[in-house]
$ cat work.tsv   # TSV, C-alpha atoms and all ligand atoms
chain	number	residue	atom	x	y	z
A	1	MET	CA	4.12	42.67	27.64
A	2	SER	CA	7.50	41.16	26.68
A	3	ALA	CA	7.74	37.48	25.83
A	4	ASN	CA	9.75	36.90	29.01
A	5	HIS	CA	7.38	38.72	31.30
A	6	VAL	CA	5.02	36.41	33.18
A	7	ASP	CA	1.63	37.91	34.03
A	8	VAL	CA	1.39	36.52	37.57
A	9	ALA	CA	-2.16	37.72	38.26
A	10	ALA	CA	-3.42	36.17	35.02
A	11	LEU	CA	-1.52	32.99	35.70
A	12	GLU	CA	-3.19	32.70	39.09
A	13	ALA	CA	-6.64	33.45	37.66
A	14	VAL	CA	-6.44	30.68	35.07
A	15	ALA	CA	-4.45	28.15	37.10
A	16	PRO	CA	-7.47	25.81	37.63
A	17	LEU	CA	-7.97	25.63	33.86
A	18	TYR	CA	-4.57	24.05	33.43
A	19	GLU	CA	-5.90	20.87	35.03
A	20	ARG	CA	-8.00	20.34	31.89
A	21	VAL	CA	-5.08	20.41	29.48
A	22	LYS	CA	-2.08	19.34	31.51
A	23	THR	CA	-1.63	16.13	29.50
A	24	VAL	CA	-1.55	17.95	26.15
A	25	ILE	CA	0.05	21.34	26.93
A	26	PRO	CA	3.52	21.22	28.55
A	27	GLU	CA	3.72	23.19	31.81
A	28	ILE	CA	6.45	25.37	30.36
A	29	GLU	CA	4.09	26.56	27.58
A	30	TRP	CA	1.09	27.31	29.78
A	31	PRO	CA	2.15	30.84	30.87
A	32	VAL	CA	2.03	31.92	27.21
A	33	HIS	CA	-1.75	31.43	27.28
A	34	ALA	CA	-2.51	32.90	30.70
A	35	SER	CA	-2.89	36.58	29.87
A	36	ASP	CA	-5.15	36.02	26.82
A	37	LEU	CA	-7.25	33.43	28.62
A	38	ALA	CA	-7.80	35.61	31.69
A	39	ALA	CA	-8.76	38.55	29.46
A	40	ILE	CA	-11.10	36.43	27.31
A	41	ASN	CA	-12.94	35.08	30.33
A	42	GLU	CA	-13.47	38.63	31.66
A	43	LEU	CA	-14.50	39.99	28.24
A	44	LYS	CA	-17.09	37.25	27.80
A	45	LYS	CA	-18.88	38.42	30.95
A	46	GLU	CA	-18.52	42.10	30.09
A	47	LYS	CA	-19.92	41.71	26.54
A	48	ASN	CA	-22.39	38.91	27.26
A	49	ALA	CA	-20.52	36.82	24.71
A	50	VAL	CA	-20.34	33.11	24.12
A	51	ILE	CA	-17.55	31.23	22.35
A	52	LEU	CA	-18.57	28.33	20.11
A	53	ALA	CA	-15.54	26.21	19.23
A	54	HIS	CA	-15.26	23.46	16.66
A	55	ASN	CA	-13.64	20.15	17.65
A	56	TYR	CA	-10.54	21.09	15.57
A	57	GLN	CA	-9.61	24.07	17.70
A	58	THR	CA	-6.43	23.83	19.75
A	59	PRO	CA	-6.77	22.55	23.36
A	60	GLU	CA	-6.29	25.95	25.04
A	61	ILE	CA	-9.25	27.29	23.02
A	62	TYR	CA	-11.34	24.12	23.13
A	63	HIS	CA	-10.90	23.28	26.82
A	64	CYS	CA	-10.20	26.66	28.40
A	65	ALA	CA	-11.97	29.42	26.42
A	66	ALA	CA	-14.97	27.77	24.73
A	67	ASP	CA	-18.46	27.70	26.21
A	68	ILE	CA	-19.79	25.25	23.64
A	69	THR	CA	-17.82	22.71	21.63
A	70	GLY	CA	-18.87	20.24	18.98
A	71	ASP	CA	-19.20	19.38	15.32
A	72	SER	CA	-20.81	21.63	12.70
A	73	LEU	CA	-24.30	20.36	13.53
A	74	ALA	CA	-23.89	20.92	17.25
A	75	LEU	CA	-22.54	24.43	16.73
A	76	ALA	CA	-25.49	25.30	14.47
A	77	ARG	CA	-27.99	23.99	17.02
A	78	CYS	CA	-26.32	25.68	19.95
A	79	ALA	CA	-26.18	28.96	18.04
A	80	VAL	CA	-30.00	28.88	17.93
A	81	ASP	CA	-30.30	28.21	21.65
A	82	SER	CA	-27.86	30.87	22.81
A	83	ASP	CA	-29.14	33.94	24.66
A	84	ALA	CA	-25.82	35.78	24.42
A	85	ASP	CA	-25.61	39.14	22.60
A	86	VAL	CA	-22.34	38.22	20.93
A	87	ILE	CA	-21.29	34.89	19.41
A	88	VAL	CA	-17.61	34.28	18.70
A	89	LEU	CA	-17.16	31.41	16.30
A	90	ALA	CA	-13.84	29.68	16.87
A	91	GLY	CA	-13.89	27.72	13.64
A	92	VAL	CA	-14.07	28.49	9.94
A	93	HIS	CA	-16.06	31.05	8.00
A	94	PHE	CA	-18.95	28.84	6.86
A	95	MET	CA	-19.60	27.93	10.51
A	96	ALA	CA	-19.74	31.60	11.47
A	97	GLU	CA	-22.10	32.26	8.55
A	98	THR	CA	-24.38	29.47	9.75
A	99	ALA	CA	-24.44	31.01	13.23
A	100	LYS	CA	-25.27	34.40	11.70
A	101	LEU	CA	-28.04	32.95	9.51
A	102	LEU	CA	-29.66	31.52	12.63
A	103	ASN	CA	-29.08	34.68	14.70
A	104	PRO	CA	-29.53	37.62	12.33
A	105	GLU	CA	-30.03	40.05	15.20
A	106	LYS	CA	-26.88	39.05	17.07
A	107	THR	CA	-23.29	40.15	16.61
A	108	VAL	CA	-21.44	37.15	15.22
A	109	LEU	CA	-17.66	37.42	15.17
A	110	ILE	CA	-15.00	35.29	13.53
A	111	PRO	CA	-11.51	36.12	14.78
A	112	ASP	CA	-10.01	35.75	11.29
A	113	LEU	CA	-12.17	36.35	8.22
A	114	ASP	CA	-9.71	34.37	6.09
A	115	ALA	CA	-10.42	31.10	7.93
A	116	GLY	CA	-11.87	29.37	4.86
A	117	CYS	CA	-12.42	25.79	3.74
A	118	SER	CA	-11.39	23.96	0.55
A	119	LEU	CA	-14.86	22.41	0.25
A	120	ALA	CA	-16.59	25.78	0.52
A	121	GLU	CA	-14.16	27.13	-2.12
A	122	SER	CA	-14.93	24.29	-4.53
A	123	ILE	CA	-18.38	25.46	-5.64
A	124	THR	CA	-20.19	28.70	-6.44
A	125	ALA	CA	-23.84	29.72	-6.60
A	126	ALA	CA	-23.55	29.78	-10.43
A	127	ASP	CA	-22.35	26.14	-10.36
A	128	VAL	CA	-25.48	25.14	-8.41
A	129	ARG	CA	-27.74	27.00	-10.85
A	130	GLU	CA	-26.06	25.12	-13.72
A	131	LEU	CA	-26.59	21.77	-11.94
A	132	ARG	CA	-30.27	22.62	-11.51
A	133	ARG	CA	-30.46	23.36	-15.24
A	134	GLN	CA	-28.86	19.98	-16.03
A	135	TYR	CA	-31.07	18.05	-13.58
A	136	PRO	CA	-34.42	19.82	-13.50
A	137	GLY	CA	-36.62	18.94	-10.53
A	138	VAL	CA	-33.88	17.02	-8.66
A	139	PRO	CA	-33.56	18.29	-5.07
A	140	VAL	CA	-30.21	19.74	-4.03
A	141	VAL	CA	-28.62	18.89	-0.68
A	142	THR	CA	-25.65	21.01	0.31
A	143	TYR	CA	-23.10	20.04	2.89
A	144	VAL	CA	-22.93	22.84	5.45
A	145	ASN	CA	-19.30	23.43	4.34
A	146	THR	CA	-20.43	25.96	1.70
A	147	SER	CA	-20.92	29.71	1.45
A	148	ALA	CA	-24.28	31.34	2.23
A	149	GLU	CA	-24.56	32.15	-1.52
A	150	VAL	CA	-24.39	28.43	-2.35
A	151	LYS	CA	-26.82	27.51	0.45
A	152	ALA	CA	-29.25	30.06	-0.95
A	153	GLU	CA	-29.43	28.04	-4.20
A	154	CYS	CA	-30.02	24.69	-2.44
A	155	ASP	CA	-33.07	22.99	-0.94
A	156	ILE	CA	-31.61	21.75	2.31
A	157	CYS	CA	-28.32	21.57	4.22
A	158	CYS	CA	-26.71	18.62	5.91
A	159	THR	CA	-23.63	17.94	7.99
A	160	SER	CA	-21.44	14.86	8.27
A	161	GLY	CA	-23.56	13.90	11.31
A	162	ASN	CA	-26.90	13.77	9.50
A	163	ALA	CA	-26.18	13.45	5.75
A	164	LEU	CA	-27.91	10.09	5.26
A	165	ALA	CA	-31.00	11.13	7.25
A	166	ILE	CA	-31.29	14.37	5.29
A	167	VAL	CA	-30.96	12.66	1.89
A	168	GLU	CA	-33.60	10.09	2.84
A	169	SER	CA	-35.91	12.72	4.34
A	170	LEU	CA	-36.54	14.18	0.89
A	171	GLY	CA	-38.51	11.19	-0.41
A	172	SER	CA	-36.85	11.53	-3.82
A	173	ASP	CA	-35.24	8.65	-5.74
A	174	ARG	CA	-32.53	11.04	-7.02
A	175	VAL	CA	-30.67	13.79	-5.16
A	176	ILE	CA	-27.85	16.20	-6.03
A	177	PHE	CA	-25.38	16.16	-3.13
A	178	LEU	CA	-22.63	18.78	-3.06
A	179	PRO	CA	-19.81	19.64	-2.82
A	180	ASP	CA	-18.00	16.76	-1.04
A	181	GLU	CA	-17.59	13.87	-3.45
A	182	TYR	CA	-16.36	11.48	-0.75
A	183	LEU	CA	-19.13	12.21	1.74
A	184	ALA	CA	-21.59	11.84	-1.15
A	185	SER	CA	-20.22	8.43	-2.11
A	186	TYR	CA	-20.23	7.34	1.55
A	187	VAL	CA	-23.93	8.26	1.76
A	188	ALA	CA	-24.62	6.58	-1.60
A	189	GLU	CA	-23.31	3.28	-0.23
A	190	GLN	CA	-25.96	3.34	2.50
A	191	THR	CA	-29.08	4.29	0.55
A	192	ASP	CA	-31.11	3.37	-2.52
A	193	VAL	CA	-31.38	7.07	-3.42
A	194	GLU	CA	-29.32	7.85	-6.53
A	195	ILE	CA	-26.74	10.49	-5.63
A	196	ILE	CA	-25.38	12.99	-8.16
A	197	THR	CA	-22.05	14.26	-6.84
A	198	TRP	CA	-19.70	17.25	-7.23
A	199	GLN	CA	-15.92	16.97	-7.21
A	200	GLY	CA	-15.12	18.96	-4.08
A	201	HIS	CA	-12.67	17.58	-1.53
A	202	CYS	CA	-11.38	18.49	1.89
A	203	GLU	CA	-7.69	19.32	1.53
A	204	VAL	CA	-7.02	17.85	4.98
A	205	HIS	CA	-8.86	14.52	4.75
A	206	GLU	CA	-8.06	13.74	1.11
A	207	ARG	CA	-4.37	13.37	2.05
A	208	PHE	CA	-4.92	10.22	4.12
A	209	THR	CA	-4.30	6.93	2.30
A	210	ALA	CA	-5.46	3.38	2.94
A	211	GLU	CA	-1.82	2.24	2.64
A	212	GLU	CA	-0.62	4.44	5.49
A	213	LEU	CA	-3.47	3.23	7.70
A	214	GLU	CA	-2.73	-0.42	6.90
A	215	ALA	CA	0.90	0.24	7.86
A	216	PHE	CA	-0.24	1.67	11.22
A	217	ARG	CA	-2.50	-1.33	11.74
A	218	SER	CA	0.33	-3.78	11.18
A	219	GLY	CA	2.59	-1.80	13.51
A	220	HIS	CA	0.05	-1.54	16.36
A	221	ASP	CA	-1.71	-4.66	17.66
A	222	GLY	CA	-5.35	-4.07	18.55
A	223	LEU	CA	-5.54	-0.67	16.85
A	224	THR	CA	-9.04	0.78	16.28
A	225	ILE	CA	-9.21	3.15	13.30
A	226	ILE	CA	-11.99	5.75	13.21
A	227	ALA	CA	-12.35	8.13	10.30
A	228	HIS	CA	-14.23	11.23	9.18
A	229	PRO	CA	-16.43	10.70	6.10
A	230	GLU	CA	-14.56	13.44	4.19
A	231	CYS	CA	-11.78	10.85	3.71
A	232	PRO	CA	-11.42	8.99	0.37
A	233	PRO	CA	-13.51	5.79	-0.01
A	234	ASP	CA	-10.59	3.34	0.38
A	235	VAL	CA	-9.63	5.05	3.66
A	236	LEU	CA	-13.20	4.70	4.91
A	237	LYS	CA	-13.19	1.01	3.99
A	238	THR	CA	-10.08	0.56	6.13
A	239	ALA	CA	-11.74	2.19	9.16
A	240	ASP	CA	-13.58	0.36	11.95
A	241	PHE	CA	-15.93	3.30	12.46
A	242	VAL	CA	-16.87	6.35	10.38
A	243	GLY	CA	-18.54	9.46	11.78
A	244	SER	CA	-18.67	13.21	12.20
A	245	THR	CA	-16.20	14.76	14.62
A	246	ALA	CA	-18.82	14.54	17.42
A	247	GLN	CA	-19.52	10.92	16.58
A	248	MET	CA	-15.77	10.14	16.58
A	249	HIS	CA	-15.45	11.89	19.93
A	250	ASP	CA	-18.32	9.86	21.36
A	251	TYR	CA	-17.01	6.61	19.94
A	252	VAL	CA	-13.81	7.00	21.94
A	253	VAL	CA	-15.61	8.22	25.08
A	254	LYS	CA	-18.09	5.33	25.08
A	255	GLU	CA	-16.18	2.42	23.54
A	256	ARG	CA	-12.83	3.15	25.22
A	257	PRO	CA	-10.71	1.32	22.60
A	258	ALA	CA	-7.32	0.34	24.02
A	259	LYS	CA	-5.54	2.04	21.12
A	260	VAL	CA	-7.14	4.42	18.65
A	261	LEU	CA	-6.17	6.31	15.51
A	262	MET	CA	-8.48	9.21	14.66
A	263	VAL	CA	-8.20	9.80	10.91
A	264	THR	CA	-8.85	13.51	10.91
A	265	GLU	CA	-7.45	16.91	11.93
A	266	CYS	CA	-4.67	16.88	14.55
A	267	SER	CA	-6.43	18.74	17.36
A	268	MET	CA	-9.15	16.08	17.61
A	269	SER	CA	-6.84	13.59	19.31
A	270	ASP	CA	-5.41	16.30	21.58
A	271	ASN	CA	-8.86	17.43	22.68
A	272	VAL	CA	-10.31	13.98	23.26
A	273	SER	CA	-7.18	12.59	24.92
A	274	ALA	CA	-6.99	15.52	27.37
A	275	GLY	CA	-9.90	13.99	29.31
A	276	ILE	CA	-9.32	10.28	28.74
A	277	HIS	CA	-6.36	8.51	30.24
A	278	ASP	CA	-7.12	4.84	29.55
A	279	VAL	CA	-6.91	5.07	25.75
A	280	GLU	CA	-3.64	5.21	23.79
A	281	PHE	CA	-3.81	7.63	20.86
A	282	VAL	CA	-1.77	6.81	17.75
A	283	ARG	CA	-1.41	10.14	16.01
A	284	PRO	CA	-0.89	10.48	12.32
A	285	CYS	CA	-3.00	13.52	11.48
A	286	ASN	CA	-3.23	16.42	9.06
A	287	LEU	CA	-3.53	20.06	10.13
A	288	CYS	CA	-6.31	22.26	8.79
A	289	PRO	CA	-4.56	25.57	8.04
A	290	HIS	CA	-7.91	27.39	8.13
A	291	MET	CA	-8.90	26.15	11.58
A	292	LYS	CA	-5.43	27.04	12.81
A	293	ARG	CA	-5.92	30.72	11.92
A	294	ILE	CA	-7.95	31.03	15.11
A	295	THR	CA	-5.85	31.74	18.20
A	296	LEU	CA	-6.43	32.96	21.75
A	297	ALA	CA	-4.86	36.27	20.73
A	298	ASN	CA	-7.29	36.92	17.88
A	299	ILE	CA	-10.28	35.71	19.95
A	300	ARG	CA	-9.29	38.25	22.60
A	301	LYS	CA	-8.93	40.99	19.98
A	302	ALA	CA	-12.31	40.10	18.47
A	303	LEU	CA	-13.95	40.44	21.87
A	304	GLU	CA	-12.15	43.72	22.62
A	305	THR	CA	-13.06	45.32	19.30
A	306	LEU	CA	-16.29	43.42	18.51
A	307	SER	CA	-14.88	42.71	15.06
A	308	PRO	CA	-14.51	41.22	12.48
A	309	VAL	CA	-18.27	40.80	12.19
A	310	VAL	CA	-19.86	38.26	9.90
A	311	GLU	CA	-22.21	39.97	7.43
A	312	ILE	CA	-24.47	38.30	4.88
A	313	ASP	CA	-26.47	40.08	2.21
A	314	ALA	CA	-30.08	40.11	3.46
A	315	ALA	CA	-31.61	38.61	0.30
A	316	VAL	CA	-29.03	35.80	0.26
A	317	ALA	CA	-29.47	35.21	4.00
A	318	ASP	CA	-33.25	34.88	3.72
A	319	ARG	CA	-32.88	32.06	1.18
A	320	ALA	CA	-29.87	30.36	2.78
A	321	ARG	CA	-31.60	30.33	6.17
A	322	ILE	CA	-34.40	28.20	4.74
A	323	ALA	CA	-31.92	25.46	3.78
A	324	VAL	CA	-30.32	25.48	7.23
A	325	GLN	CA	-33.65	25.63	9.05
A	326	ARG	CA	-35.01	22.71	7.01
A	327	MET	CA	-32.03	20.66	8.16
A	328	LEU	CA	-32.68	21.53	11.79
A	329	ASP	CA	-36.36	20.69	11.36
A	330	VAL	CA	-35.71	17.15	10.09
A	331	GLY	CA	-36.49	14.82	13.01
A	332	ARG	CA	-33.78	15.16	15.60
A	333	SER	CA	-34.26	11.52	16.54
A	334	GLN	CA	-32.69	10.55	13.20
A	335	MET	CA	-29.53	12.48	13.94
A	336	THR	CA	-26.63	12.78	16.27
A	337	GLY	CA	-24.15	15.54	16.86
A	338	VAL	CA	-25.62	17.70	19.61
A	339	SER	CA	-22.90	19.12	21.79
A	340	ALA	CA	-22.45	18.86	25.48
A	341	GLN	CA	-22.67	22.33	26.97
A	342	ARG	CA	-19.47	23.75	28.34
A	343	ASP	CA	-18.46	26.20	30.96
A	344	GLY	CA	-15.23	27.64	29.60
A	345	GLY	CA	-15.81	30.88	31.47
A	346	SER	CA	-15.64	29.47	34.95
A	347	PRO	CA	-12.33	28.24	36.24
A	348	LEU	CA	-13.15	24.63	37.05
A	349	PRO	CA	-10.72	21.77	37.43
A	350	GLU	CA	-10.46	18.87	35.02
A	351	ARG	CA	-13.89	18.16	33.55
A	352	GLU	CA	-15.72	14.96	33.12
A	353	ILE	CA	-15.74	14.17	29.40
A	354	THR	CA	-19.34	13.70	28.35
A	355	SER	CA	-21.08	12.74	25.14
A	356	GLN	CA	-21.30	15.34	22.36
A	357	SER	CA	-24.04	13.40	20.58
A	358	ALA	CA	-27.62	12.97	21.67
A	359	SER	CA	-30.85	12.02	20.08
A	360	ALA	CA	-33.50	14.52	20.98
B	1	LIG	P1	-17.91	17.98	11.44
B	1	LIG	O1	-19.25	18.57	11.18
B	1	LIG	O2	-17.91	16.48	11.46
B	1	LIG	O3	-17.30	18.56	12.67
B	1	LIG	O4	-16.96	18.33	10.22
B	1	LIG	C1	-16.63	19.65	9.89
B	1	LIG	C2	-15.40	19.70	9.12
B	1	LIG	O5	-15.06	20.72	8.57
B	1	LIG	C3	-14.59	18.50	9.05
B	1	LIG	O6	-13.49	18.71	8.25
B	2	LIG	FE1	-12.71	22.52	5.42
B	2	LIG	FE2	-11.31	20.28	5.54
B	2	LIG	FE3	-10.62	22.32	7.11
B	2	LIG	FE4	-12.88	20.92	7.59
B	2	LIG	S1	-10.77	20.19	7.72
B	2	LIG	S2	-12.65	23.17	7.59
B	2	LIG	S3	-13.53	20.44	5.49
B	2	LIG	S4	-10.55	22.28	4.85

$ encode --input "work.tsv" --output "structure tokens" --more "lines below"
Ligand code: 13P
Ligand code: SF4
Amino acid sequence: MSANHVDVAALEAVAPLYERVKTVIPEIEWPVHASDLAAINELKKEKNAVILAHNYQTPEIYHCAADITGDSLALARCAVDSDADVIVLAGVHFMAETAKLLNPEKTVLIPDLDAGCSLAESITAADVRELRRQYPGVPVVTYVNTSAEVKAECDICCTSGNALAIVESLGSDRVIFLPDEYLASYVAEQTDVEIITWQGHCEVHERFTAEELEAFRSGHDGLTIIAHPECPPDVLKTADFVGSTAQMHDYVVKERPAKVLMVTECSMSDNVSAGIHDVEFVRPCNLCPHMKRITLANIRKALETLSPVVEIDAAVADRARIAVQRMLDVGRSQMTGVSAQRDGGSPLPEREITSQSASA
């Protein structure tokens, strides 16, 4: 179809979905999404597929195509609960690997295999083996932002939503925590457990500075600053609240600050603000180029072709799964980050924005 051609039938089919995103997607842009969205919603039924989307996906994916949305922890948990035959992970590769580890018998698709992560790139399985050699007997906690090969060398996984609870669950006075140095130091501030860190950083969150946030604070009376724990320590000290993407989402939904700055990836503010009209969003943000590789067009193609599939070597998967499963087994009451379920397939009007976090 040419760029100028409007698919009227598709536009009609997805018209109710526009209500969900009308404050963040200009009306003139909406027709661009109609044909892919209509096709995706049909393909999901045809293939018994479910779309799990991370909070950093763009609003047309997050609000109009996804069945489940949330942070890394929520997506991992929901992957276990799903009875679909096909899981499409609208997020980055380590998230798709986690879904595959928990659903070895299912087809797990990631619309772009090159959707990586600077944290996952920062460490290899050989690096973990060397750390174990240097610190014999010290348990190794890996942030979920790592490859399956790295997870296979570690004792337990964690996410930004449960890192402290996981570290403390081990009953050890010393823990190796990798690869995010800033998340590790944030956890270290809250526990007596000695934390041995690795120098991995998120290329998106490490770019924020305390100075820029202070400048925003002086320019905006009554500004509430909430930050992701992948940010540098001085940025976290400047923030009024620190949490995973689900915890940031819930902070805004529940606390309703008059004016908020979410120190994280750009789509977070778009997605949260689409359903909340009594909060002013101040928007300095950094884009994650990996998250932005996922589009409606490649989600549609993935569903049409049932590819690219996520594959993990069976021996690696068996060991990596243990680390992920141990994380899920640690008392849910200590953690937050469980997603609200979504109904991206059915054309409903504007949705009530509900909590993504829950203690179970
Ligand atoms: P969350 O688990 O908090 O969603 O974080 C994932 C991530 O990659 C943040 O950069
Ligand atoms: Fe990785 Fe950072 Fe992108 Fe999250 S925002 S996927 S940690 S590069």

$ residues_around --input "work.tsv" --residues "His54 (chain A)" --least-positions-apart "3" --cutoff "12 Å" --atoms "all atoms listed in the file" --output "PyMOL selection string"
chain A and resi 51+57-59+61-63+65-76+78+88-96+244-246+265+267-268+271+288+290-292+294+337+339+356

$ write_last_selection --input "work.tsv" --atoms "C-alpha atoms" --output "compact mmCIF listing (two decimals), keeping the file's coordinate frame"
# COMPACT_ATOMS: atom_id res chain seq x y z
CA ILE A 51 -17.55 31.23 22.35
CA GLN A 57 -9.61 24.07 17.70
CA THR A 58 -6.43 23.83 19.75
CA PRO A 59 -6.77 22.55 23.36
CA ILE A 61 -9.25 27.29 23.02
CA TYR A 62 -11.34 24.12 23.13
CA HIS A 63 -10.90 23.28 26.82
CA ALA A 65 -11.97 29.42 26.42
CA ALA A 66 -14.97 27.77 24.73
CA ASP A 67 -18.46 27.70 26.21
CA ILE A 68 -19.79 25.25 23.64
CA THR A 69 -17.82 22.71 21.63
CA GLY A 70 -18.87 20.24 18.98
CA ASP A 71 -19.20 19.38 15.32
CA SER A 72 -20.81 21.63 12.70
CA LEU A 73 -24.30 20.36 13.53
CA ALA A 74 -23.89 20.92 17.25
CA LEU A 75 -22.54 24.43 16.73
CA ALA A 76 -25.49 25.30 14.47
CA CYS A 78 -26.32 25.68 19.95
CA VAL A 88 -17.61 34.28 18.70
CA LEU A 89 -17.16 31.41 16.30
CA ALA A 90 -13.84 29.68 16.87
CA GLY A 91 -13.89 27.72 13.64
CA VAL A 92 -14.07 28.49 9.94
CA HIS A 93 -16.06 31.05 8.00
CA PHE A 94 -18.95 28.84 6.86
CA MET A 95 -19.60 27.93 10.51
CA ALA A 96 -19.74 31.60 11.47
CA SER A 244 -18.67 13.21 12.20
CA THR A 245 -16.20 14.76 14.62
CA ALA A 246 -18.82 14.54 17.42
CA GLU A 265 -7.45 16.91 11.93
CA SER A 267 -6.43 18.74 17.36
CA MET A 268 -9.15 16.08 17.61
CA ASN A 271 -8.86 17.43 22.68
CA CYS A 288 -6.31 22.26 8.79
CA HIS A 290 -7.91 27.39 8.13
CA MET A 291 -8.90 26.15 11.58
CA LYS A 292 -5.43 27.04 12.81
CA ILE A 294 -7.95 31.03 15.11
CA GLY A 337 -24.15 15.54 16.86
CA SER A 339 -22.90 19.12 21.79
CA GLN A 356 -21.30 15.34 22.36

$ closest_residue --input "work.tsv" --among "A:Ala120, A:Ala163, A:Ala315, A:Val108" --to "ligand LIG 2 (chain B)" --atoms "all atoms listed in the file"
A:Ala120

$ atom_distance --input "work.tsv" --atom1 "CA of Glu42 (chain A)" --atom2 "CA of Val6 (chain A)"
18.7 Å

$ atom_distance --input "work.tsv" --atom1 "CA of Val193 (chain A)" --atom2 "atom FE2 of ligand LIG 2 (chain B)"
25.6 Å

$ closest_residue --input "work.tsv" --among "A:Trp30, A:Ile176, A:Thr107, A:Ala165" --to "Arg133 (chain A)" --atoms "only C-alpha atoms"
A:Ile176

$ decode --input "work.tsv" --residues "region 161-172 of chain A" --atoms "N, CA, C and O atoms" --output "tab-separated table (two decimals), in the first residue's frame"
chain	number	residue	atom	x	y	z
A	161	GLY	N	13.09	-4.58	40.27
A	161	GLY	CA	11.95	-4.57	41.19
A	161	GLY	C	12.16	-5.43	42.42
A	161	GLY	O	11.40	-5.33	43.39
A	162	ASN	N	13.16	-6.31	42.42
A	162	ASN	CA	13.31	-7.23	43.56
A	162	ASN	C	14.77	-7.42	43.98
A	162	ASN	O	15.05	-8.34	44.75
A	163	ALA	N	15.67	-6.56	43.51
A	163	ALA	CA	17.11	-6.79	43.73
A	163	ALA	C	17.48	-6.92	45.21
A	163	ALA	O	18.21	-7.85	45.60
A	164	LEU	N	16.96	-6.01	46.04
A	164	LEU	CA	17.30	-6.05	47.47
A	164	LEU	C	16.79	-7.34	48.10
A	164	LEU	O	17.51	-8.02	48.84
A	165	ALA	N	15.54	-7.69	47.81
A	165	ALA	CA	14.95	-8.91	48.39
A	165	ALA	C	15.73	-10.15	47.97
A	165	ALA	O	15.95	-11.06	48.77
A	166	ILE	N	16.18	-10.18	46.73
A	166	ILE	CA	16.93	-11.35	46.25
A	166	ILE	C	18.28	-11.43	46.95
A	166	ILE	O	18.68	-12.49	47.42
A	167	VAL	N	18.99	-10.31	47.04
A	167	VAL	CA	20.30	-10.31	47.71
A	167	VAL	C	20.14	-10.79	49.15
A	167	VAL	O	20.89	-11.64	49.63
A	168	GLU	N	19.12	-10.28	49.83
A	168	GLU	CA	18.96	-10.64	51.25
A	168	GLU	C	18.42	-12.05	51.43
A	168	GLU	O	18.59	-12.66	52.47
A	169	SER	N	17.79	-12.59	50.39
A	169	SER	CA	17.23	-13.95	50.51
A	169	SER	C	18.33	-15.01	50.59
A	169	SER	O	18.07	-16.14	50.98
A	170	LEU	N	19.56	-14.64	50.21
A	170	LEU	CA	20.61	-15.65	50.11
A	170	LEU	C	21.23	-15.99	51.46
A	170	LEU	O	21.92	-17.01	51.59
A	171	GLY	N	21.03	-15.14	52.46
A	171	GLY	CA	21.57	-15.40	53.79
A	171	GLY	C	23.09	-15.40	53.82
A	171	GLY	O	23.70	-16.03	54.68
A	172	SER	N	23.71	-14.70	52.89
A	172	SER	CA	25.17	-14.63	52.83
A	172	SER	C	25.61	-13.23	53.24
A	172	SER	O	24.89	-12.25	52.97
